[in-house]
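Chemist: My structure is below; once you've seen it, I'll send some questions.
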Amino acid sequence: MIVSETKLSSSEIEKWLEGETHSILSPVQAEAKQFRDEMKAAIQSEIEISKMLLDNSTKEIDQRNMRVYNRARALNKLAHLFLERLKKIGIPEQVTYENLNRFAQEAQKVFMVADIDIKNWFPRVSPFFIMDRRKFLTVHEKAKLTLASFNNFLTKEYVKTKTLEEAFGLLTELHSQEKQKENLALQLENMRKERIPLEQKVGELEKRIFELRNQGPISQLKIVQAEEEALSTELRNVLRHLQKPFLKIQALAYQGGGSGLTQDELKKLDEYLEKPLEALSKEEIGYPNLKETLAKIYHLIKQDKLKLKPDKARKAEQSIDDFLRKDSLSEIHRKSIDVVTRKNRLLTSSNMSETMRELSLLEEQLEQSRARKASAETHEAVIERAIVDAQERIQGHKQTIEKTVYSSLGKKIRIL
């Protein structure tokens with residue numbers, strides 16, 4: 001037989017389920033409430049009879065009758081224990097299978113421990129307090145019978161409706177999860193609204209920074225620096241055969257081995273080894289300082305004081321001859337002065353200072369905006385994950401309720 005499917009929204013399902021289960025749950029829950037009240041009364045009766053034991057034993061203790069004294073103290077202590085345990089039993093206000101089952105288990109433990117205490121201690125109190133003990137045992141046994149009936153009802157009757165009752169609990173959780181998902185979706189929407197202006201600001205800052213770096217004085221400086229780098233490479237290539245002689249004469253000078261260089265010439269040599277283009281740009285027309293140093297190197301090579309290999313010595317001599325006699329460095333010298341002058345002029349210009357200040361400010365703003373944007377994106381990801389989790393829980397609750405209804409009522413529903 002094909003069972004038709006009823007489609008219900010989550011707001012409709014609770015009312016529908018109440019109508020479908022009223023005839024099943026109401027009688028059982030009414031009986032459960034009655035059992036709860038009977039157990040409550042039984043426990044209260046046992047509390048009262050325990051107080052009677054406590055009061056009567058206290059009176060005997062106060063009388064200091066040595067024949068009764070020790071037994072009275074034992075009964076007094078026992079009554080204290082009965083009261084302490086009984087008062088700890090949690091009596092539920094809300095009637096559900098889980099609440100009542102927990103209540104029954106607590107009462108069962110208290111009564112079992114009481115039985116053990118009665119078996120161990122009542123014979124020791126005998127033959128005194130015989131009437132008190134009989135009254136207590138009557139109330140206690142009656143409470144145990146009430147508990148037995150209560151447990152029988154729970155295990156044979158109430159348990160059959162447990163799953164239906166749990167379905168109502170799941171409905172409450174379902175509505176809670178749906179509300180949570182709704183709130184999360186609203187949070188996500190607000191965060192996205194806040195993030196969009198941040199993205200726009202980051203884009204605007206990146207565009208302006210790109211313009212500053214690729215236009216105006218910074219762009220001009222990059223061009224000049226590229227020229228400088230190319231010219232520096234060219235100069236190093238031209239001076240390549242003098243690299244070894246430069247190092248050799250530098251070593252002689254620092255070791256005091258007769259290089260013939262003055263302190264100023266040694267300082268200039270250091271500059272040529274470290275930054276040859278910058279050193280050359282500082283020379284006057286005809287680069288006299290370099291020529292003076294080259295002439296000294298030439299003589300030292302001739303005297304074999306630099307201990308160069310023949311091939312390296314020959315190439316060094318040839319290069320020095322070209323520089324001294326043919327002024328082969330004149331064009332590079334002129335270009336070096338020009339490029340370094342233009343670079344320094346750009347670096348020290350007011351336009352460059354203003355541009356660098358603006359660039360620094362914009363980069364700081366960009367860093368802050370990117371950090372805020374990243375933080376917003378992280379929070380969005382967390383909320384998105386929470387929405388997915390809530391949706392999974394919602395779907396799980398819906399499926400469980402649908403299965404419970406089908407297995408308990410034989411009716412097929414789908415919660416939209």
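Ordering of the structure tokens sets the chain letters (A, B, ...), residue numbers begin anew at 1 in every chain, and ligands are numbered from 1 in the order given.
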For Glu211 (chain A), please output as a PyMOL selection string all residues within 12 Å (counting only C-alpha atoms; exclusion window: fewer than 6 positions along the same chain).
Modeler: chain A and resi 204-205+217-219+355+358-359+362
Chemist: I'd like the neighbourhood of Asn99 (chain A) as a list in words, where a residue qualifies if any of its atoms comes within 12 Å (using only C-alpha atoms), though same-chain residues fewer than 2 positions away should be ignored.
Modeler: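 Listing them by chain and then by number gives Ala32, Lys33, Arg36, Gly90, Ile91, Pro92, Glu93, Gln94, Val95, Thr96, Tyr97, Asn101, Arg102, Phe103, Ala104, Gln105, Glu106, Leu154, Tyr158, Lys162, Glu165 and Glu166 of chain A.
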Chemist: Residues within 12 Å of Glu206 (chain A), please, as number ranges by chain. Count only C-alpha atoms; anything in the same chain fewer than 3 positions from it doesn't count.
Modeler: A: 199-203, 209-213, 359, 362-367, 369-370
Chemist: Have a look at CA of His22 (chain A) and CA of Ile401 (chain A) and let me know their distance in Å, one decimal.
Modeler: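 We find that CA of His22 (chain A) and CA of Ile401 (chain A) lie 16.4 Å from each other.
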Chemist: Could you check which of A:Ile223, A:Ile301, A:Leu280, A:Leu164 is closest to Ile249 (chain A), using only C-alpha atoms?
Modeler: A:Ile301
Chemist: Would you pick out the contacts of region 327-342 of chain A at 7 Å or less, using only C-alpha atoms, so that residues sharing its chain but fewer than 6 positions from it are not included, and give the list as a ChimeraX atom specification?
Modeler: /A:224,228,277,280-281,286
Chemist: Generate the output file for the selected residues, all heavy atoms, as a CSV table (one decimal), in the first residue's frame.
Modeler:
```
chain,number,residue,atom,x,y,z
A,224,VAL,N,66.3,56.2,-15.0
A,224,VAL,CA,67.6,56.7,-14.8
A,224,VAL,C,68.4,55.5,-14.1
A,224,VAL,O,69.6,55.3,-14.5
A,224,VAL,CB,67.7,57.9,-13.9
A,224,VAL,CG1,69.1,58.3,-13.5
A,224,VAL,CG2,67.1,59.1,-14.7
A,228,GLU,N,71.7,53.7,-15.3
A,228,GLU,CA,72.9,53.6,-14.4
A,228,GLU,C,73.4,52.2,-14.3
A,228,GLU,O,74.6,51.9,-14.3
A,228,GLU,CB,72.5,54.2,-13.0
A,228,GLU,CG,73.7,54.2,-12.0
A,228,GLU,CD,73.2,54.6,-10.7
A,228,GLU,OE1,72.1,54.3,-10.3
A,228,GLU,OE2,74.1,55.3,-10.0
A,277,LEU,N,81.2,53.0,-11.0
A,277,LEU,CA,80.5,54.1,-11.7
A,277,LEU,C,80.4,55.4,-10.9
A,277,LEU,O,80.7,56.5,-11.3
A,277,LEU,CB,79.1,53.6,-12.1
A,277,LEU,CG,78.4,54.6,-13.1
A,277,LEU,CD1,79.1,54.7,-14.4
A,277,LEU,CD2,77.0,54.3,-13.3
A,280,LEU,N,83.8,57.0,-10.7
A,280,LEU,CA,84.2,57.6,-11.9
A,280,LEU,C,83.5,58.9,-12.1
A,280,LEU,O,84.0,59.9,-12.6
A,280,LEU,CB,84.0,56.7,-13.1
A,280,LEU,CG,84.4,57.2,-14.5
A,280,LEU,CD1,85.9,57.4,-14.5
A,280,LEU,CD2,84.0,56.2,-15.6
A,281,SER,N,82.2,59.0,-11.7
A,281,SER,CA,81.4,60.2,-11.8
A,281,SER,C,81.9,61.3,-11.0
A,281,SER,O,81.6,62.5,-11.3
A,281,SER,CB,79.9,59.9,-11.5
A,281,SER,OG,79.8,59.7,-10.1
A,286,GLY,N,88.9,64.1,-17.7
A,286,GLY,CA,90.2,63.5,-17.9
A,286,GLY,C,90.5,62.5,-16.8
A,286,GLY,O,91.6,61.9,-16.8
```
Chemist: Within 8 Å of region 52-67 of chain A, which residues of region 90-198 of chain A show up? Give each one with its shortest atom-to-atom distance in Å (one decimal) and the two atoms involved, counting only C-alpha atoms, rows by chain then rising residue number, as a tab-separated table.
Modeler:
```
residue	atom	partner	partner_atom	distance
A:Asp132	CA	A:Leu53	CA	6.5
A:Arg133	CA	A:Leu53	CA	7.8
A:Phe136	CA	A:Leu53	CA	7.9
```
Chemist: Restricting the calculation to only C-alpha atoms: of A:Met352, A:Ile413, A:Leu86, A:Val159, which residue gets closest to Thr6 (chain A)?
Modeler: A:Ile413
Chemist: Ranking A:Leu100, A:Leu261, A:Ile89, A:Ile49 by minimum distance to Gln29 (chain A) and counting only C-alpha atoms, which one comes first?
Modeler: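 The answer is A:Leu100, which sits nearest to Gln29 (chain A).
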Chemist: Which residues, written as a list in words, have at least one atom at most 12 Å from Pro127 (chain A), with only C-alpha atoms counted and residues fewer than 6 positions away on the same chain left out?
Modeler: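 Non-adjacent residues within range: Arg67, Val68, Arg71, Ala72, Trp121, Arg133 and Arg134 of chain A.
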Chemist: Those same residues, written as a PDB file, in the first residue's frame with N, CA and C atoms?
Modeler:
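This is the output file out.pdb:
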```
ATOM      1  N   ARG A  67      21.197   2.519  78.783  1.00  0.00           N
ATOM      2  CA  ARG A  67      20.729   1.285  78.151  1.00  0.00           C
ATOM      3  C   ARG A  67      20.320   1.534  76.695  1.00  0.00           C
ATOM      4  N   VAL A  68      19.864   2.741  76.396  1.00  0.00           N
ATOM      5  CA  VAL A  68      19.337   3.070  75.058  1.00  0.00           C
ATOM      6  C   VAL A  68      20.304   3.962  74.276  1.00  0.00           C
ATOM      7  N   ARG A  71      22.237   2.830  71.030  1.00  0.00           N
ATOM      8  CA  ARG A  71      21.302   2.476  69.952  1.00  0.00           C
ATOM      9  C   ARG A  71      20.583   3.716  69.413  1.00  0.00           C
ATOM     10  N   ALA A  72      20.298   4.637  70.323  1.00  0.00           N
ATOM     11  CA  ALA A  72      19.649   5.887  69.903  1.00  0.00           C
ATOM     12  C   ALA A  72      20.572   6.694  68.979  1.00  0.00           C
ATOM     13  N   TRP A 121      21.513  -2.163  60.255  1.00  0.00           N
ATOM     14  CA  TRP A 121      21.443  -1.372  61.479  1.00  0.00           C
ATOM     15  C   TRP A 121      20.191  -1.575  62.327  1.00  0.00           C
ATOM     16  N   ARG A 133      10.418   1.769  64.305  1.00  0.00           N
ATOM     17  CA  ARG A 133      10.979   1.018  63.185  1.00  0.00           C
ATOM     18  C   ARG A 133       9.881   0.382  62.347  1.00  0.00           C
ATOM     19  N   ARG A 134       8.843  -0.130  62.983  1.00  0.00           N
ATOM     20  CA  ARG A 134       7.731  -0.714  62.232  1.00  0.00           C
ATOM     21  C   ARG A 134       7.017   0.327  61.364  1.00  0.00           C
TER      22      ARG A 134
END
```
Chemist: If you count only C-alpha atoms, which residues fall within 8 Å of region 381-396 of chain A, apart from same-chain ones fewer than 5 positions away, as a list in words?
Modeler: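 Everything that qualifies: Leu174, Gln177, Glu178, Gln180, Lys181, Leu184, Ala185, Gln187 and Leu188 of chain A.
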Chemist: Write out as a PyMOL selection string each polymer residue whose atoms come within 12 Å of Ala148 (chain A), counting only C-alpha atoms; drop sequence neighbours fewer than 5 positions from it.
Modeler: chain A and resi 35+38-39+104-105+107-108+111+141-143+153-155
Chemist: Given the choices A:Ile297, A:His379, A:Val125, A:Leu416, which gets closest to Asn190 (chain A) if the distance is worked out from only C-alpha atoms?
Modeler: A:His379
Chemist: One decimal, in Å: what's the spacing between CA of Tyr69 (chain A) and CA of Met112 (chain A)?
Modeler: 27.6 Å
